[in-house]
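Working notes for the structure below.
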Amino acid sequence: MNILLVCSSGMSTGLLVDKMLMEGEKRNIQDLKIVACSVDEIEKYISNYDVVLVAPQIRYKEKYIYALAMSKNKGYAIIDGVHYGLVDGNKILDQAFGIMRK
Amino acid sequence: MDKEQIVFTIILHAGNARSYCFEALALAREGKHTEASARLGKATQELKKAHSMQFDLLQAEANGEKQEMSLLLIHAQDHLMNASLAKDLIKELISMVREKQLSSVGMNNVEQGE
């Protein structure tokens with residue numbers, strides 16, 4: 001499964017990538033690819049990913065990202081604020097699997 | 001809360017504040033000023049939360065507890081400053097939008113209390 005994390009510069013979500021990958025390793029998930037990018041680069045990346053997770057601090061760009069994700073038939077969600085604040089890779093990985101499109 | 005969580009929480013609250021500000025501006029442009037000002041109120045609350053966490057860090061440093069500087073912490077500051085500026089500027093923009101809307105319906109004089 002390929003997960004794309006989007007925030008304003010790809011920096012804070014970059015740290016989240018490590019946490020989620022660690023969690024994926026613990027769960028023994030094969031073929032897990034997680035990448036963080038800035039909202040300005042999303043169009044370049046989105047095609048290669050199954051799921052788009054958006055950091056809550058760029059909620060004000062939601063309309064644009066949502067429309068883009070839908071047009072490419074990708075799973076989409078805004079990361080839960082509490083989980084984001086706690087840098088909870090575990091819960092956020094759950095969220096990603098929850099929105100995966102079959 | 002560890003340092004990393006503090007930084008993420010600052011980014012979160014600052015980002016929320018910025019989101020609310022932009023929502024407020026969009027609402028004001030549609031003429032929905034009551035809702036716009038409610039959003040600005042929420043933005044203020046979120047900014048307060050972010051500022052209070054930043055203040056705790058500053059306070060700890062002032063008390064001799066050396067803070068580890070990280071790019072991520074600087075990044076959190078970026079978010080906070082952005083949100084702060086967004087709020088002040090958007091407040092002004094909303095007043096301008098309101099003046100324009102009022103003058104376009106010929107009520108400018110009423111608004112200015114003349």
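So you can find residues: chains in the structure tokens are A, B, ... in the order shown, residues in each start at 1, and ligands are numbered from 1 in order.
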
Hey, which bits of chain B sit within 10 Å of chain A, and for each residue what's the closest pair of atoms and how far apart in Å (one decimal), counting only C-alpha atoms, rows by chain and increasing number, as a Markdown table?
| residue | atom | partner | partner_atom | distance |
| --- | --- | --- | --- | --- |
| B:Met1 | CA | A:Leu86 | CA | 7.9 |
| B:Asp2 | CA | A:Leu86 | CA | 8.9 |
| B:Glu4 | CA | A:Val87 | CA | 7.7 |
| B:Gln5 | CA | A:Leu86 | CA | 5.0 |
| B:Ile6 | CA | A:Gly85 | CA | 7.5 |
| B:Val7 | CA | A:Gly85 | CA | 8.1 |
| B:Phe8 | CA | A:Gly85 | CA | 4.9 |
| B:Thr9 | CA | A:Gly85 | CA | 4.4 |
| B:Ile10 | CA | A:Gly85 | CA | 8.1 |
| B:Ile11 | CA | A:Gln57 | CA | 6.9 |
| B:Leu12 | CA | A:Gln57 | CA | 5.4 |
| B:His13 | CA | A:Gln57 | CA | 7.4 |
| B:Ala14 | CA | A:Gln57 | CA | 7.2 |
| B:Gly15 | CA | A:Gln57 | CA | 3.6 |
| B:Asn16 | CA | A:Gln57 | CA | 5.3 |
| B:Ala17 | CA | A:Gln57 | CA | 8.2 |
| B:Arg18 | CA | A:Gln57 | CA | 7.6 |
| B:Ser19 | CA | A:Tyr60 | CA | 4.5 |
| B:Tyr20 | CA | A:Tyr60 | CA | 7.5 |
| B:Cys21 | CA | A:Tyr60 | CA | 8.8 |
| B:Phe22 | CA | A:Tyr60 | CA | 6.6 |
| B:Glu23 | CA | A:Tyr60 | CA | 6.9 |
| B:Leu71 | CA | A:Met11 | CA | 9.2 |
| B:Leu72 | CA | A:Ser12 | CA | 6.9 |
| B:Leu73 | CA | A:Ser12 | CA | 9.7 |
| B:His75 | CA | A:Met11 | CA | 7.9 |
| B:Ala76 | CA | A:Ser12 | CA | 8.6 |
| B:His79 | CA | A:Gln57 | CA | 8.9 |

Could you pull out the helix (DSSP H, G or I) residues of chain A from DSSP and send them as a PyMOL selection string? chain A and resi 12-26+39-48+56-71+81-85+89-98

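Of the residues under consideration (A:Ile99, A:Gly14, A:Val6, A:Met1), A:Val6 shows the shortest atom-to-atom contact distance to Asp40 (chain A) when counting only C-alpha atoms.
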
Write down as a VMD selection string the residues of chain A whose backbone DSSP state falls under strand (DSSP E or B). chain A and resid 2 to 7 33 to 38 51 to 54 75 to 78

Residue nearest Val35 (chain A) - candidates A:Gly98, A:Gly89, A:Gly75, A:Gly10, atoms counted: only C-alpha atoms: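 Of A:Gly98, A:Gly89, A:Gly75, A:Gly10, the one nearest Val35 (chain A) is A:Gly10, counting only C-alpha atoms.
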
Rounded to one decimal in Å, what is the spacing between CA of Asn63 (chain B) and CA of Lys49 (chain B)?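 Distance between the two atoms: 21.2 Å.
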
List the neighbours of region 32-38 of chain B out to 10 Å using only C-alpha atoms; skip same-chain residues closer than 2 positions along the sequence, and give me the result as an MDAnalysis selection string. chainID B and resid 20:30 40:44 91 94:95 97:98

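Within the 10 Å cut-off around Leu32 (chain A), using only C-alpha atoms and omitting residues fewer than 6 positions from it on the same chain, the listed residues are Met1, Asn2, Ile3, Met20, Leu21, Gly24 and Glu25 of chain A.
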
May I have the residues within 12 Å of Ser71 (chain A) as JSON, numbers by chain, using only C-alpha atoms and disregarding those fewer than 4 positions away in the same chain? {"A": [43, 46, 47, 64, 65, 66, 67, 75, 76]}

With N, CA and C atoms kept, could you save the residues just selected as a PDB file, in the first residue's frame?
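For reference, selection_17.pdb as written:
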ATOM      1  N   GLU A  43       0.217  17.323  -7.027  1.00  0.00           N
ATOM      2  CA  GLU A  43      -0.197  16.856  -8.363  1.00  0.00           C
ATOM      3  C   GLU A  43       0.871  15.994  -9.022  1.00  0.00           C
ATOM      4  N   ILE A  46       0.567  12.379  -6.712  1.00  0.00           N
ATOM      5  CA  ILE A  46      -0.647  11.670  -6.286  1.00  0.00           C
ATOM      6  C   ILE A  46      -0.927  10.372  -7.053  1.00  0.00           C
ATOM      7  N   SER A  47      -0.595  10.346  -8.350  1.00  0.00           N
ATOM      8  CA  SER A  47      -0.934   9.170  -9.164  1.00  0.00           C
ATOM      9  C   SER A  47      -0.325   7.872  -8.642  1.00  0.00           C
ATOM     10  N   TYR A  64      -9.543  21.824  -2.639  1.00  0.00           N
ATOM     11  CA  TYR A  64      -8.647  21.537  -3.761  1.00  0.00           C
ATOM     12  C   TYR A  64      -8.117  20.108  -3.692  1.00  0.00           C
ATOM     13  N   ILE A  65      -7.638  19.714  -2.516  1.00  0.00           N
ATOM     14  CA  ILE A  65      -7.030  18.382  -2.383  1.00  0.00           C
ATOM     15  C   ILE A  65      -8.097  17.299  -2.528  1.00  0.00           C
ATOM     16  N   TYR A  66      -9.257  17.570  -1.933  1.00  0.00           N
ATOM     17  CA  TYR A  66     -10.348  16.597  -1.993  1.00  0.00           C
ATOM     18  C   TYR A  66     -10.755  16.346  -3.449  1.00  0.00           C
ATOM     19  N   ALA A  67     -10.927  17.418  -4.210  1.00  0.00           N
ATOM     20  CA  ALA A  67     -11.341  17.287  -5.612  1.00  0.00           C
ATOM     21  C   ALA A  67     -10.298  16.515  -6.407  1.00  0.00           C
ATOM     22  N   GLY A  75      -8.144   7.108  -1.953  1.00  0.00           N
ATOM     23  CA  GLY A  75      -8.684   7.243  -0.607  1.00  0.00           C
ATOM     24  C   GLY A  75      -8.246   8.590  -0.053  1.00  0.00           C
ATOM     25  N   TYR A  76      -9.102   9.230   0.741  1.00  0.00           N
ATOM     26  CA  TYR A  76      -8.787  10.575   1.211  1.00  0.00           C
ATOM     27  C   TYR A  76      -9.270  10.786   2.637  1.00  0.00           C
TER      28      TYR A  76
END

Please report the interatomic distance between CA of Cys37 (chain A) and CA of Gln54 (chain B) in Å with one decimal.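 Spanning CA of Cys37 (chain A) to CA of Gln54 (chain B) is a straight-line distance of 25.8 Å.
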
So, counting only C-alpha atoms, which residue among B:Asp78, B:Asp56, B:Glu99, B:Asp88 is closest to Lys3 (chain B)? B:Asp56
